[in-house]
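A.B. asks: Can you read through this structure? Questions will come right after.
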Amino acid sequence: MDTLTALQQKIERKGTLDKSSKVRQALNQIFRYAIARGICDSNSAAELRYIAETPESKTPYPHLLEEELPDFLRALDFSTGRKQTIIASKMCLLTASHPGMVVKSEWTHVNLELAFLVVPDRNMKIRKQHVVPLPSQLVELLEERKQMTGRSKHLFPSIGPKSPTMSTDSINKMLRGIGYKGRLTGHGSRHTASTLLHEHGWNPRRIMMQWYADYFDALRGGMSHEQKAAFQQRAADAMLRYQPAEHTQPAAA
């Protein structure tokens, strides 16, 4: 039996599945660092997730794994749903944000020039502001959106009088309409992001979200082995050169 598989199963036998997940994440980061340093050529921990036990008590929101994303992204591009629903869905995907936070976003909270969104206290479970970096692909979509709804207070206003914003279920309806009923929900996009980013060794930061959006573009077009290797190297290089620094939280535009 492979040593890493044996290690994972040993941890799982003790009933500490959360610890097993954290160990897998740490192993992935170690191997990616080693690859970047030329110590080894492959990540032996990359496939452990496929044989890992999952908690029976928790049922995660339906979400997609990396191999399912190319078909989904192309289906999303060809959706006949409303434009604002498609953009809201992409915003959930590219920022790993709750659908409720996305649909309640206001233009006064967005700075497209500096590429960030400030989520005010009332939209957060923890009473503090939260700054969400916006990848360039999403900035482009929101610039298009602003030309259409710039006079509205909200990014995604309702077309009826009952609510000032579109319903969060509009996103799920659109996903069901393109054939992903039971396979992906707006909330599930957070699990997709978390899984993919952890597998590639990322910790939360702005350059990670841009890498994530670029990775989606490559998956949509059909990623080659060379492209995937380049993305892996890009992630490894970022981890090597990134030095945390103190930053002042930007003010909303």
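Chain labels follow the order of the structure tokens: the first chain is A, the next B, and so on; residue numbering restarts at 1 in every chain, and ligands are counted from 1 in their shown order.
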Would you list the contacts of Arg206 (chain A) as a list in words, taking every protein, DNA or RNA residue within 8 Å and counting only C-alpha atoms, but skipping same-chain residues closer than 5 positions in sequence?

C.D. replies: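 Near neighbours after the sequence-gap exclusion: Pro133, Leu134 and Pro135 of chain A.
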
A.B. asks: What's around Val131 (chain A) at 8 Å? Count only C-alpha atoms, leave out sequence neighbours fewer than 5 positions away in its own chain, and write the answer as a ChimeraX atom specification.

C.D. replies: /A:116-119,249

A.B. asks: Residues of the last selection are to be written out with C-alpha atoms, as a PDB file, in the first residue's frame.

C.D. replies:
```pdb
ATOM      1  CA  PHE A 116     -12.608  44.992  -5.299  1.00  0.00           C
ATOM      2  CA  LEU A 117     -16.014  44.749  -3.664  1.00  0.00           C
ATOM      3  CA  VAL A 118     -16.635  45.782  -0.057  1.00  0.00           C
ATOM      4  CA  VAL A 119     -19.320  43.716   1.645  1.00  0.00           C
ATOM      5  CA  GLN A 249      -8.143  48.274   3.686  1.00  0.00           C
TER       6      GLN A 249
END
```

A.B. asks: With only C-alpha atoms as the basis for distance, which of A:Glu12, A:Glu199, A:Glu106, A:Asp18 is at the shortest distance from Phe31 (chain A)?

C.D. replies: A:Glu199

A.B. asks: For region 50-167 of chain A versus region 220-230 of chain A, which residues have an atom no more than 8 Å away, and what is each residue's nearest atom pair and distance in Å rounded to one decimal, using only C-alpha atoms, chain-then-number order, as CSV?

C.D. replies:
```
residue,atom,partner,partner_atom,distance
A:Leu69,CA,A:Arg220,CA,7.5
A:Pro70,CA,A:Arg220,CA,4.6
A:Asp71,CA,A:Arg220,CA,7.2
A:Leu73,CA,A:Arg220,CA,5.6
A:Arg74,CA,A:Arg220,CA,5.9
```

A.B. asks: Would you save the residues from that selection as a compact mmCIF listing (two decimals), in the first residue's frame, using all heavy atoms?

C.D. replies:
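Final file, again.txt:
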```txt
# COMPACT_ATOMS: atom_id res chain seq x y z
N LEU A 69 -15.91 20.79 -14.85
CA LEU A 69 -16.04 22.22 -15.12
C LEU A 69 -16.03 22.61 -16.60
O LEU A 69 -16.78 23.52 -16.99
CB LEU A 69 -14.95 22.99 -14.37
CG LEU A 69 -15.16 23.10 -12.87
CD1 LEU A 69 -13.92 23.68 -12.19
CD2 LEU A 69 -16.38 23.95 -12.55
N PRO A 70 -15.19 22.00 -17.46
CA PRO A 70 -15.19 22.44 -18.86
C PRO A 70 -16.57 22.41 -19.51
O PRO A 70 -17.00 23.39 -20.13
CB PRO A 70 -14.21 21.47 -19.54
CG PRO A 70 -13.27 21.09 -18.44
CD PRO A 70 -14.12 21.00 -17.22
N ASP A 71 -17.29 21.28 -19.37
CA ASP A 71 -18.62 21.18 -19.97
C ASP A 71 -19.57 22.18 -19.34
O ASP A 71 -20.40 22.80 -20.03
CB ASP A 71 -19.18 19.76 -19.80
CG ASP A 71 -18.51 18.76 -20.71
OD1 ASP A 71 -17.87 19.19 -21.70
OD2 ASP A 71 -18.62 17.55 -20.45
N LEU A 73 -18.85 25.14 -17.91
CA LEU A 73 -18.54 26.51 -18.30
C LEU A 73 -19.02 26.82 -19.71
O LEU A 73 -19.51 27.92 -19.99
CB LEU A 73 -17.04 26.76 -18.18
CG LEU A 73 -16.50 26.73 -16.74
CD1 LEU A 73 -14.97 26.70 -16.73
CD2 LEU A 73 -17.01 27.93 -15.94
N ARG A 74 -18.91 25.83 -20.60
CA ARG A 74 -19.41 26.04 -21.96
C ARG A 74 -20.94 26.10 -21.97
O ARG A 74 -21.53 26.90 -22.69
CB ARG A 74 -18.89 24.92 -22.87
CG ARG A 74 -17.39 25.06 -23.18
CD ARG A 74 -16.95 24.06 -24.24
NE ARG A 74 -16.75 22.73 -23.67
CZ ARG A 74 -15.59 22.28 -23.22
NH1 ARG A 74 -14.51 23.06 -23.24
NH2 ARG A 74 -15.47 21.05 -22.75
```

A.B. asks: Enumerate as a ChimeraX atom specification all residues of region 103-239 of chain A assigned to strand (DSSP E or B) by DSSP on the backbone, naming them with the chain letters and numbers the document uses.

C.D. replies: /A:106,110-111,116-119,130-133,154,157,165

A.B. asks: Please, could you write that set of residues out with N, CA, C and O atoms as an mmCIF file, in the first residue's frame?

C.D. replies:
```cif
data_model
loop_
_atom_site.group_PDB
_atom_site.id
_atom_site.type_symbol
_atom_site.label_atom_id
_atom_site.label_comp_id
_atom_site.auth_asym_id
_atom_site.auth_seq_id
_atom_site.Cartn_x
_atom_site.Cartn_y
_atom_site.Cartn_z
ATOM 1 N N GLU A 106 -24.324 46.436 -3.924
ATOM 2 C CA GLU A 106 -24.701 47.748 -4.433
ATOM 3 C C GLU A 106 -23.505 48.388 -5.148
ATOM 4 O O GLU A 106 -22.346 48.097 -4.821
ATOM 5 N N VAL A 110 -18.710 48.843 -4.874
ATOM 6 C CA VAL A 110 -17.812 48.302 -5.902
ATOM 7 C C VAL A 110 -16.815 49.354 -6.371
ATOM 8 O O VAL A 110 -17.175 50.497 -6.644
ATOM 9 N N ASN A 111 -15.560 48.959 -6.478
ATOM 10 C CA ASN A 111 -14.537 49.801 -7.092
ATOM 11 C C ASN A 111 -13.947 49.009 -8.254
ATOM 12 O O ASN A 111 -13.130 48.103 -8.061
ATOM 13 N N PHE A 116 -12.190 45.621 -6.542
ATOM 14 C CA PHE A 116 -12.608 44.992 -5.299
ATOM 15 C C PHE A 116 -14.052 45.357 -4.998
ATOM 16 O O PHE A 116 -14.603 46.334 -5.509
ATOM 17 N N LEU A 117 -14.658 44.529 -4.154
ATOM 18 C CA LEU A 117 -16.014 44.749 -3.664
ATOM 19 C C LEU A 117 -15.965 44.733 -2.153
ATOM 20 O O LEU A 117 -15.383 43.826 -1.553
ATOM 21 N N VAL A 118 -16.540 45.748 -1.516
ATOM 22 C CA VAL A 118 -16.635 45.782 -0.057
ATOM 23 C C VAL A 118 -18.018 45.292 0.347
ATOM 24 O O VAL A 118 -19.023 45.852 -0.076
ATOM 25 N N VAL A 119 -18.055 44.239 1.148
ATOM 26 C CA VAL A 119 -19.320 43.716 1.645
ATOM 27 C C VAL A 119 -19.599 44.366 2.995
ATOM 28 O O VAL A 119 -18.824 44.187 3.936
ATOM 29 N N HIS A 130 -15.902 43.061 4.772
ATOM 30 C CA HIS A 130 -15.191 42.001 4.073
ATOM 31 C C HIS A 130 -14.870 42.506 2.669
ATOM 32 O O HIS A 130 -15.759 42.954 1.950
ATOM 33 N N VAL A 131 -13.609 42.479 2.292
ATOM 34 C CA VAL A 131 -13.186 42.959 0.972
ATOM 35 C C VAL A 131 -12.966 41.765 0.045
ATOM 36 O O VAL A 131 -12.195 40.858 0.352
ATOM 37 N N VAL A 132 -13.680 41.769 -1.063
ATOM 38 C CA VAL A 132 -13.600 40.674 -2.039
ATOM 39 C C VAL A 132 -12.831 41.146 -3.276
ATOM 40 O O VAL A 132 -13.285 42.072 -3.967
ATOM 41 N N PRO A 133 -11.663 40.557 -3.589
ATOM 42 C CA PRO A 133 -10.960 40.931 -4.815
ATOM 43 C C PRO A 133 -11.708 40.436 -6.045
ATOM 44 O O PRO A 133 -12.305 39.358 -6.033
ATOM 45 N N HIS A 154 -28.614 48.772 -7.056
ATOM 46 C CA HIS A 154 -28.077 47.415 -6.964
ATOM 47 C C HIS A 154 -27.473 46.924 -8.285
ATOM 48 O O HIS A 154 -27.882 47.357 -9.359
ATOM 49 N N PRO A 157 -30.786 44.334 -9.872
ATOM 50 C CA PRO A 157 -32.115 44.745 -9.402
ATOM 51 C C PRO A 157 -33.213 43.782 -9.853
ATOM 52 O O PRO A 157 -33.068 43.059 -10.839
ATOM 53 N N THR A 165 -34.039 43.473 -5.229
ATOM 54 C CA THR A 165 -33.012 42.731 -5.977
ATOM 55 C C THR A 165 -33.576 41.424 -6.519
ATOM 56 O O THR A 165 -34.618 40.938 -6.072
#
```

A.B. asks: Identify all residues of region 60-208 of chain A in helix (DSSP H, G or I) (DSSP on the backbone) and supply them as an MDAnalysis selection string.

C.D. replies: chainID A and resid 66:77 83:95 99:103 107:109 121:123 136:149 169:177 188:199 206:208

A.B. asks: Given only C-alpha atoms as the basis, pick out the residue of A:Ser167, A:Leu219, A:Trp211, A:Lys90 nearest to Gln232 (chain A).

C.D. replies: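 Of A:Ser167, A:Leu219, A:Trp211, A:Lys90, the one nearest Gln232 (chain A) is A:Trp211, counting only C-alpha atoms.
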
A.B. asks: Quick one: residues within 8 Å of region 23-25 of chain A, only C-alpha atoms, excluding same-chain residues fewer than 4 positions away - as a tab-separated table (two decimals) with all heavy atoms, in the first residue's frame?

C.D. replies:
```tsv
chain	number	residue	atom	x	y	z
A	8	GLN	N	-3.23	8.37	5.38
A	8	GLN	CA	-4.59	8.91	5.37
A	8	GLN	C	-5.55	7.96	6.06
A	8	GLN	O	-6.39	8.38	6.87
A	8	GLN	CB	-5.04	9.16	3.93
A	8	GLN	CG	-6.48	9.65	3.81
A	8	GLN	CD	-6.82	10.15	2.43
A	8	GLN	OE1	-6.62	11.30	2.10
A	8	GLN	NE2	-7.33	9.24	1.60
A	19	LYS	N	-9.08	16.43	10.37
A	19	LYS	CA	-7.61	16.40	10.42
A	19	LYS	C	-7.06	15.77	9.15
A	19	LYS	O	-6.05	16.22	8.60
A	19	LYS	CB	-7.14	15.61	11.64
A	19	LYS	CG	-5.62	15.56	11.80
A	19	LYS	CD	-5.22	14.83	13.05
A	19	LYS	CE	-3.69	14.79	13.19
A	19	LYS	NZ	-3.29	14.05	14.41
A	29	GLN	N	0.62	21.11	-0.56
A	29	GLN	CA	1.47	22.29	-0.56
A	29	GLN	C	2.95	21.91	-0.52
A	29	GLN	O	3.78	22.53	-1.19
A	29	GLN	CB	1.12	23.19	0.63
A	29	GLN	CG	-0.25	23.84	0.48
A	29	GLN	CD	-0.59	24.72	1.67
A	29	GLN	OE1	0.09	24.69	2.68
A	29	GLN	NE2	-1.65	25.48	1.55
A	45	ALA	N	0.43	13.32	-3.61
A	45	ALA	CA	-0.74	13.47	-2.75
A	45	ALA	C	-1.97	13.94	-3.51
A	45	ALA	O	-3.05	14.05	-2.94
A	45	ALA	CB	-0.42	14.45	-1.62
A	48	LEU	N	-5.26	11.69	-3.41
A	48	LEU	CA	-5.76	11.15	-2.14
A	48	LEU	C	-7.22	11.49	-1.89
A	48	LEU	O	-7.95	10.73	-1.25
A	48	LEU	CB	-4.91	11.68	-0.98
A	48	LEU	CG	-3.50	11.09	-0.84
A	48	LEU	CD1	-2.76	11.81	0.28
A	48	LEU	CD2	-3.55	9.59	-0.57
A	49	ARG	N	-7.68	12.63	-2.42
A	49	ARG	CA	-9.06	13.06	-2.17
A	49	ARG	C	-10.08	12.07	-2.73
A	49	ARG	O	-11.20	11.96	-2.23
A	49	ARG	CB	-9.31	14.44	-2.78
A	49	ARG	CG	-9.16	14.50	-4.29
A	49	ARG	CD	-9.22	15.95	-4.77
A	49	ARG	NE	-8.92	16.06	-6.19
A	49	ARG	CZ	-9.85	16.08	-7.14
A	49	ARG	NH1	-11.12	16.01	-6.82
A	49	ARG	NH2	-9.51	16.21	-8.41
A	198	HIS	N	-7.56	24.60	-3.04
A	198	HIS	CA	-6.74	23.86	-2.07
A	198	HIS	C	-5.90	22.80	-2.77
A	198	HIS	O	-4.75	22.56	-2.40
A	198	HIS	CB	-7.62	23.21	-1.01
A	198	HIS	CG	-8.03	24.13	0.09
A	198	HIS	ND1	-7.13	24.90	0.79
A	198	HIS	CD2	-9.25	24.43	0.61
A	198	HIS	CE1	-7.76	25.62	1.70
A	198	HIS	NE2	-9.06	25.37	1.60
A	199	GLU	N	-6.48	22.15	-3.78
A	199	GLU	CA	-5.74	21.12	-4.50
A	199	GLU	C	-4.54	21.70	-5.23
A	199	GLU	O	-3.55	21.01	-5.47
A	199	GLU	CB	-6.66	20.41	-5.50
A	199	GLU	CG	-7.65	19.47	-4.82
A	199	GLU	CD	-8.67	18.94	-5.79
A	199	GLU	OE1	-8.59	19.29	-6.99
A	199	GLU	OE2	-9.56	18.20	-5.36
A	201	GLY	N	-2.81	24.21	-4.00
A	201	GLY	CA	-1.90	24.76	-3.02
A	201	GLY	C	-2.05	26.22	-2.67
A	201	GLY	O	-1.13	26.82	-2.11
```

A.B. asks: Which residue is closest to Ser189 (chain A)? Choose from A:Ile35, A:Leu138, A:Leu112, A:Ile171 and count only C-alpha atoms.

C.D. replies: A:Ile171

A.B. asks: Could you check which of A:Arg37, A:Arg234, A:Lys10, A:Lys173 is closest to Ile207 (chain A), using only C-alpha atoms?

C.D. replies: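 Ranked by minimum distance to Ile207 (chain A), first place goes to A:Arg234.
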
A.B. asks: Excluding Leu184 (chain A) and its own-chain neighbours fewer than 3 positions away, which residues fall within 10 Å of it when counting only C-alpha atoms? Please give them as a PyMOL selection string.

C.D. replies: chain A and resi 61-64+72+172+175-176+179-181+187-189+191-192

A.B. asks: How would the residues just picked look written out with all heavy atoms as a compact mmCIF listing (two decimals), in the first residue's frame?

C.D. replies:
```txt
# COMPACT_ATOMS: atom_id res chain seq x y z
N TYR A 61 -23.45 21.21 -0.22
CA TYR A 61 -24.26 21.64 -1.35
C TYR A 61 -23.72 20.98 -2.62
O TYR A 61 -22.51 20.77 -2.76
CB TYR A 61 -24.18 23.16 -1.50
CG TYR A 61 -24.87 23.93 -0.41
CD1 TYR A 61 -24.14 24.57 0.59
CD2 TYR A 61 -26.26 24.04 -0.39
CE1 TYR A 61 -24.79 25.29 1.60
CE2 TYR A 61 -26.91 24.76 0.61
CZ TYR A 61 -26.16 25.37 1.60
OH TYR A 61 -26.80 26.07 2.59
N PRO A 62 -24.62 20.64 -3.57
CA PRO A 62 -24.13 20.07 -4.83
C PRO A 62 -23.09 20.98 -5.46
O PRO A 62 -23.30 22.19 -5.58
CB PRO A 62 -25.41 20.00 -5.68
CG PRO A 62 -26.52 19.92 -4.69
CD PRO A 62 -26.09 20.76 -3.53
N HIS A 63 -21.97 20.40 -5.84
CA HIS A 63 -20.89 21.19 -6.44
C HIS A 63 -20.13 20.34 -7.44
O HIS A 63 -20.27 19.12 -7.47
CB HIS A 63 -19.95 21.73 -5.36
CG HIS A 63 -19.27 20.66 -4.56
ND1 HIS A 63 -19.92 19.91 -3.59
CD2 HIS A 63 -17.98 20.20 -4.60
CE1 HIS A 63 -19.07 19.04 -3.06
NE2 HIS A 63 -17.90 19.19 -3.66
N LEU A 64 -19.34 21.01 -8.27
CA LEU A 64 -18.62 20.33 -9.35
C LEU A 64 -17.14 20.19 -9.01
O LEU A 64 -16.54 21.05 -8.36
CB LEU A 64 -18.77 21.11 -10.65
CG LEU A 64 -20.20 21.34 -11.14
CD1 LEU A 64 -20.19 22.17 -12.43
CD2 LEU A 64 -20.93 20.02 -11.36
N PHE A 72 -19.48 22.35 -18.03
CA PHE A 72 -20.36 23.30 -17.35
C PHE A 72 -20.12 24.73 -17.83
O PHE A 72 -21.07 25.47 -18.10
CB PHE A 72 -20.16 23.22 -15.84
CG PHE A 72 -20.77 24.40 -15.12
CD1 PHE A 72 -22.14 24.51 -14.99
CD2 PHE A 72 -19.97 25.42 -14.61
CE1 PHE A 72 -22.72 25.61 -14.37
CE2 PHE A 72 -20.52 26.51 -13.98
CZ PHE A 72 -21.90 26.61 -13.85
N ASN A 172 -30.15 29.40 -9.08
CA ASN A 172 -30.37 27.96 -9.09
C ASN A 172 -31.29 27.53 -10.23
O ASN A 172 -31.09 26.48 -10.84
CB ASN A 172 -30.94 27.51 -7.75
CG ASN A 172 -29.95 27.65 -6.62
OD1 ASN A 172 -28.74 27.58 -6.83
ND2 ASN A 172 -30.45 27.86 -5.41
N LEU A 175 -29.22 27.42 -13.32
CA LEU A 175 -28.35 26.25 -13.32
C LEU A 175 -29.14 24.98 -13.65
O LEU A 175 -28.65 24.12 -14.39
CB LEU A 175 -27.65 26.10 -11.96
CG LEU A 175 -26.66 27.22 -11.59
CD1 LEU A 175 -26.15 27.03 -10.17
CD2 LEU A 175 -25.50 27.25 -12.58
N ARG A 176 -30.35 24.90 -13.13
CA ARG A 176 -31.19 23.74 -13.48
C ARG A 176 -31.55 23.77 -14.96
O ARG A 176 -31.62 22.72 -15.62
CB ARG A 176 -32.47 23.75 -12.63
CG ARG A 176 -32.24 23.49 -11.16
CD ARG A 176 -33.54 23.16 -10.43
NE ARG A 176 -34.44 24.30 -10.33
CZ ARG A 176 -34.47 25.16 -9.33
NH1 ARG A 176 -33.63 25.02 -8.32
NH2 ARG A 176 -35.34 26.16 -9.31
N GLY A 179 -29.12 22.14 -17.29
CA GLY A 179 -28.87 20.70 -17.10
C GLY A 179 -28.10 20.33 -15.85
O GLY A 179 -27.60 19.20 -15.76
N TYR A 180 -28.01 21.22 -14.88
CA TYR A 180 -27.21 20.92 -13.69
C TYR A 180 -28.06 20.81 -12.42
O TYR A 180 -27.57 21.06 -11.32
CB TYR A 180 -26.09 21.96 -13.54
CG TYR A 180 -24.96 21.65 -14.49
CD1 TYR A 180 -25.04 22.04 -15.83
CD2 TYR A 180 -23.87 20.89 -14.11
CE1 TYR A 180 -24.05 21.71 -16.74
CE2 TYR A 180 -22.88 20.54 -14.99
CZ TYR A 180 -22.96 20.96 -16.31
OH TYR A 180 -21.97 20.61 -17.20
N LYS A 181 -29.31 20.41 -12.58
CA LYS A 181 -30.17 20.16 -11.43
C LYS A 181 -29.57 19.05 -10.57
O LYS A 181 -29.23 17.97 -11.07
CB LYS A 181 -31.57 19.75 -11.91
CG LYS A 181 -32.54 19.47 -10.77
CD LYS A 181 -33.91 19.09 -11.31
CE LYS A 181 -34.88 18.82 -10.15
NZ LYS A 181 -36.23 18.45 -10.64
N HIS A 187 -24.77 28.13 -3.83
CA HIS A 187 -23.93 27.90 -2.66
C HIS A 187 -22.84 26.86 -2.94
O HIS A 187 -21.74 26.94 -2.38
CB HIS A 187 -24.79 27.42 -1.48
CG HIS A 187 -25.53 28.52 -0.79
ND1 HIS A 187 -26.78 28.94 -1.19
CD2 HIS A 187 -25.18 29.30 0.26
CE1 HIS A 187 -27.19 29.91 -0.40
NE2 HIS A 187 -26.24 30.17 0.47
N GLY A 188 -23.15 25.90 -3.79
CA GLY A 188 -22.17 24.86 -4.10
C GLY A 188 -20.93 25.38 -4.81
O GLY A 188 -19.87 24.75 -4.77
N SER A 189 -21.05 26.55 -5.45
CA SER A 189 -19.88 27.11 -6.14
C SER A 189 -18.75 27.42 -5.16
O SER A 189 -17.58 27.41 -5.53
CB SER A 189 -20.28 28.39 -6.90
OG SER A 189 -20.73 29.39 -6.01
N HIS A 191 -17.93 25.48 -2.64
CA HIS A 191 -17.24 24.20 -2.46
C HIS A 191 -16.35 23.89 -3.66
O HIS A 191 -15.25 23.36 -3.50
CB HIS A 191 -18.26 23.08 -2.26
CG HIS A 191 -19.04 23.18 -0.98
ND1 HIS A 191 -18.59 22.67 0.21
CD2 HIS A 191 -20.23 23.75 -0.71
CE1 HIS A 191 -19.47 22.92 1.16
NE2 HIS A 191 -20.48 23.57 0.62
N THR A 192 -16.85 24.21 -4.85
CA THR A 192 -16.03 24.01 -6.05
C THR A 192 -14.75 24.82 -5.96
O THR A 192 -13.65 24.32 -6.21
CB THR A 192 -16.83 24.43 -7.31
OG1 THR A 192 -17.92 23.51 -7.50
CG2 THR A 192 -15.94 24.40 -8.56
```

A.B. asks: Using only C-alpha atoms, which residues sit within 12 Å of Gly100 (chain A) once same-chain residues fewer than 6 positions away are excluded, as a list in words?

C.D. replies: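 The residues satisfying every condition are Ala88, Ser89, Met91, Cys92, Val119, Arg122, Asn123, Met124, Lys125, Phe156, Thr165, Met166, Ser167, Thr168, Asp169, Ser170, Ile171, Asn172, Gly186 and His187 of chain A.
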
A.B. asks: Pull all heavy atoms from the residues just selected and write them as a short mmCIF file (atom, residue, chain, number, x, y, z; two decimals), in the first residue's frame.

C.D. replies:
```
data_model
loop_
_atom_site.label_atom_id
_atom_site.label_comp_id
_atom_site.auth_asym_id
_atom_site.auth_seq_id
_atom_site.Cartn_x
_atom_site.Cartn_y
_atom_site.Cartn_z
N ALA A 88 -24.50 37.13 -12.44
CA ALA A 88 -24.55 36.85 -11.00
C ALA A 88 -24.00 35.46 -10.71
O ALA A 88 -23.27 35.26 -9.72
CB ALA A 88 -25.98 36.98 -10.49
N SER A 89 -24.32 34.49 -11.56
CA SER A 89 -23.81 33.13 -11.38
C SER A 89 -22.29 33.10 -11.51
O SER A 89 -21.60 32.45 -10.72
CB SER A 89 -24.44 32.20 -12.42
OG SER A 89 -25.84 32.17 -12.29
N MET A 91 -20.34 35.57 -10.96
CA MET A 91 -19.77 36.29 -9.82
C MET A 91 -19.67 35.35 -8.61
O MET A 91 -18.68 35.40 -7.87
CB MET A 91 -20.64 37.50 -9.49
CG MET A 91 -20.03 38.44 -8.47
SD MET A 91 -20.92 40.02 -8.43
CE MET A 91 -20.06 40.83 -7.07
N CYS A 92 -20.69 34.51 -8.41
CA CYS A 92 -20.61 33.50 -7.34
C CYS A 92 -19.43 32.58 -7.56
O CYS A 92 -18.66 32.27 -6.63
CB CYS A 92 -21.90 32.68 -7.29
SG CYS A 92 -23.35 33.55 -6.68
N VAL A 119 -18.05 44.24 1.15
CA VAL A 119 -19.32 43.72 1.64
C VAL A 119 -19.60 44.37 2.99
O VAL A 119 -18.82 44.19 3.94
CB VAL A 119 -19.26 42.19 1.81
CG1 VAL A 119 -20.60 41.66 2.30
CG2 VAL A 119 -18.87 41.52 0.50
N ARG A 122 -24.00 44.43 7.31
CA ARG A 122 -25.33 43.82 7.37
C ARG A 122 -25.45 42.57 6.51
O ARG A 122 -26.38 41.77 6.70
CB ARG A 122 -26.41 44.82 6.93
CG ARG A 122 -26.33 45.24 5.48
CD ARG A 122 -27.46 46.21 5.11
NE ARG A 122 -27.43 46.61 3.73
CZ ARG A 122 -26.71 47.62 3.26
NH1 ARG A 122 -25.95 48.32 4.09
NH2 ARG A 122 -26.73 47.94 1.98
N ASN A 123 -24.52 42.36 5.58
CA ASN A 123 -24.57 41.17 4.74
C ASN A 123 -23.69 40.05 5.26
O ASN A 123 -23.63 38.99 4.66
CB ASN A 123 -24.12 41.51 3.31
CG ASN A 123 -25.17 42.33 2.57
OD1 ASN A 123 -26.30 42.42 3.01
ND2 ASN A 123 -24.78 42.93 1.47
N MET A 124 -22.99 40.29 6.36
CA MET A 124 -22.03 39.31 6.87
C MET A 124 -22.50 38.71 8.19
O MET A 124 -23.10 39.39 9.02
CB MET A 124 -20.65 39.96 7.08
CG MET A 124 -20.04 40.52 5.80
SD MET A 124 -19.75 39.25 4.55
CE MET A 124 -18.47 38.30 5.37
N LYS A 125 -22.23 37.42 8.40
CA LYS A 125 -22.55 36.79 9.67
C LYS A 125 -21.66 37.37 10.77
O LYS A 125 -22.08 37.57 11.90
CB LYS A 125 -22.35 35.27 9.58
CG LYS A 125 -23.34 34.58 8.65
CD LYS A 125 -23.08 33.09 8.60
CE LYS A 125 -24.05 32.39 7.65
NZ LYS A 125 -23.79 30.95 7.55
N PHE A 156 -27.83 43.87 -9.29
CA PHE A 156 -28.79 42.92 -9.87
C PHE A 156 -30.20 43.24 -9.37
O PHE A 156 -30.75 42.53 -8.52
CB PHE A 156 -28.39 41.49 -9.49
CG PHE A 156 -26.99 41.14 -9.89
CD1 PHE A 156 -25.97 41.09 -8.94
CD2 PHE A 156 -26.66 40.90 -11.22
CE1 PHE A 156 -24.67 40.77 -9.30
CE2 PHE A 156 -25.37 40.59 -11.59
CZ PHE A 156 -24.37 40.53 -10.63
N THR A 165 -34.04 43.47 -5.23
CA THR A 165 -33.01 42.73 -5.98
C THR A 165 -33.58 41.42 -6.52
O THR A 165 -34.62 40.94 -6.07
CB THR A 165 -31.80 42.40 -5.08
OG1 THR A 165 -32.22 41.49 -4.04
CG2 THR A 165 -31.22 43.66 -4.45
N MET A 166 -32.87 40.86 -7.48
CA MET A 166 -33.26 39.57 -8.00
C MET A 166 -33.19 38.52 -6.90
O MET A 166 -32.46 38.66 -5.92
CB MET A 166 -32.35 39.16 -9.18
CG MET A 166 -30.90 38.92 -8.80
SD MET A 166 -29.87 38.40 -10.20
CE MET A 166 -30.30 36.65 -10.27
N SER A 167 -33.96 37.45 -7.05
CA SER A 167 -33.98 36.38 -6.06
C SER A 167 -32.73 35.51 -6.20
O SER A 167 -32.24 35.27 -7.30
CB SER A 167 -35.22 35.52 -6.28
OG SER A 167 -35.14 34.31 -5.57
N THR A 168 -32.23 35.04 -5.06
CA THR A 168 -31.08 34.13 -5.12
C THR A 168 -31.45 32.83 -5.83
O THR A 168 -30.59 32.18 -6.43
CB THR A 168 -30.58 33.79 -3.70
OG1 THR A 168 -31.67 33.26 -2.92
CG2 THR A 168 -30.05 35.03 -3.00
N ASP A 169 -32.73 32.46 -5.79
CA ASP A 169 -33.14 31.23 -6.46
C ASP A 169 -33.10 31.36 -7.98
O ASP A 169 -33.14 30.35 -8.69
CB ASP A 169 -34.55 30.82 -6.02
CG ASP A 169 -34.89 29.38 -6.40
OD1 ASP A 169 -34.04 28.50 -6.13
OD2 ASP A 169 -35.96 29.14 -6.98
N SER A 170 -33.01 32.61 -8.49
CA SER A 170 -32.87 32.79 -9.93
C SER A 170 -31.61 32.11 -10.44
O SER A 170 -31.59 31.56 -11.55
CB SER A 170 -32.82 34.29 -10.27
OG SER A 170 -34.03 34.92 -9.92
N ILE A 171 -30.56 32.15 -9.61
CA ILE A 171 -29.30 31.50 -9.99
C ILE A 171 -29.50 29.99 -10.09
O ILE A 171 -29.09 29.35 -11.06
CB ILE A 171 -28.20 31.85 -8.98
CG1 ILE A 171 -27.88 33.35 -9.04
CG2 ILE A 171 -26.93 31.03 -9.24
CD1 ILE A 171 -26.92 33.83 -7.97
N ASN A 172 -30.15 29.40 -9.08
CA ASN A 172 -30.37 27.96 -9.09
C ASN A 172 -31.29 27.53 -10.23
O ASN A 172 -31.09 26.48 -10.84
CB ASN A 172 -30.94 27.51 -7.75
CG ASN A 172 -29.95 27.65 -6.62
OD1 ASN A 172 -28.74 27.58 -6.83
ND2 ASN A 172 -30.45 27.86 -5.41
N GLY A 186 -25.94 27.65 -6.37
CA GLY A 186 -25.16 28.85 -6.13
C GLY A 186 -24.25 28.70 -4.93
O GLY A 186 -23.07 29.08 -4.97
N HIS A 187 -24.77 28.13 -3.83
CA HIS A 187 -23.93 27.90 -2.66
C HIS A 187 -22.84 26.86 -2.94
O HIS A 187 -21.74 26.94 -2.38
CB HIS A 187 -24.79 27.42 -1.48
CG HIS A 187 -25.53 28.52 -0.79
ND1 HIS A 187 -26.78 28.94 -1.19
CD2 HIS A 187 -25.18 29.30 0.26
CE1 HIS A 187 -27.19 29.91 -0.40
NE2 HIS A 187 -26.24 30.17 0.47
#
```
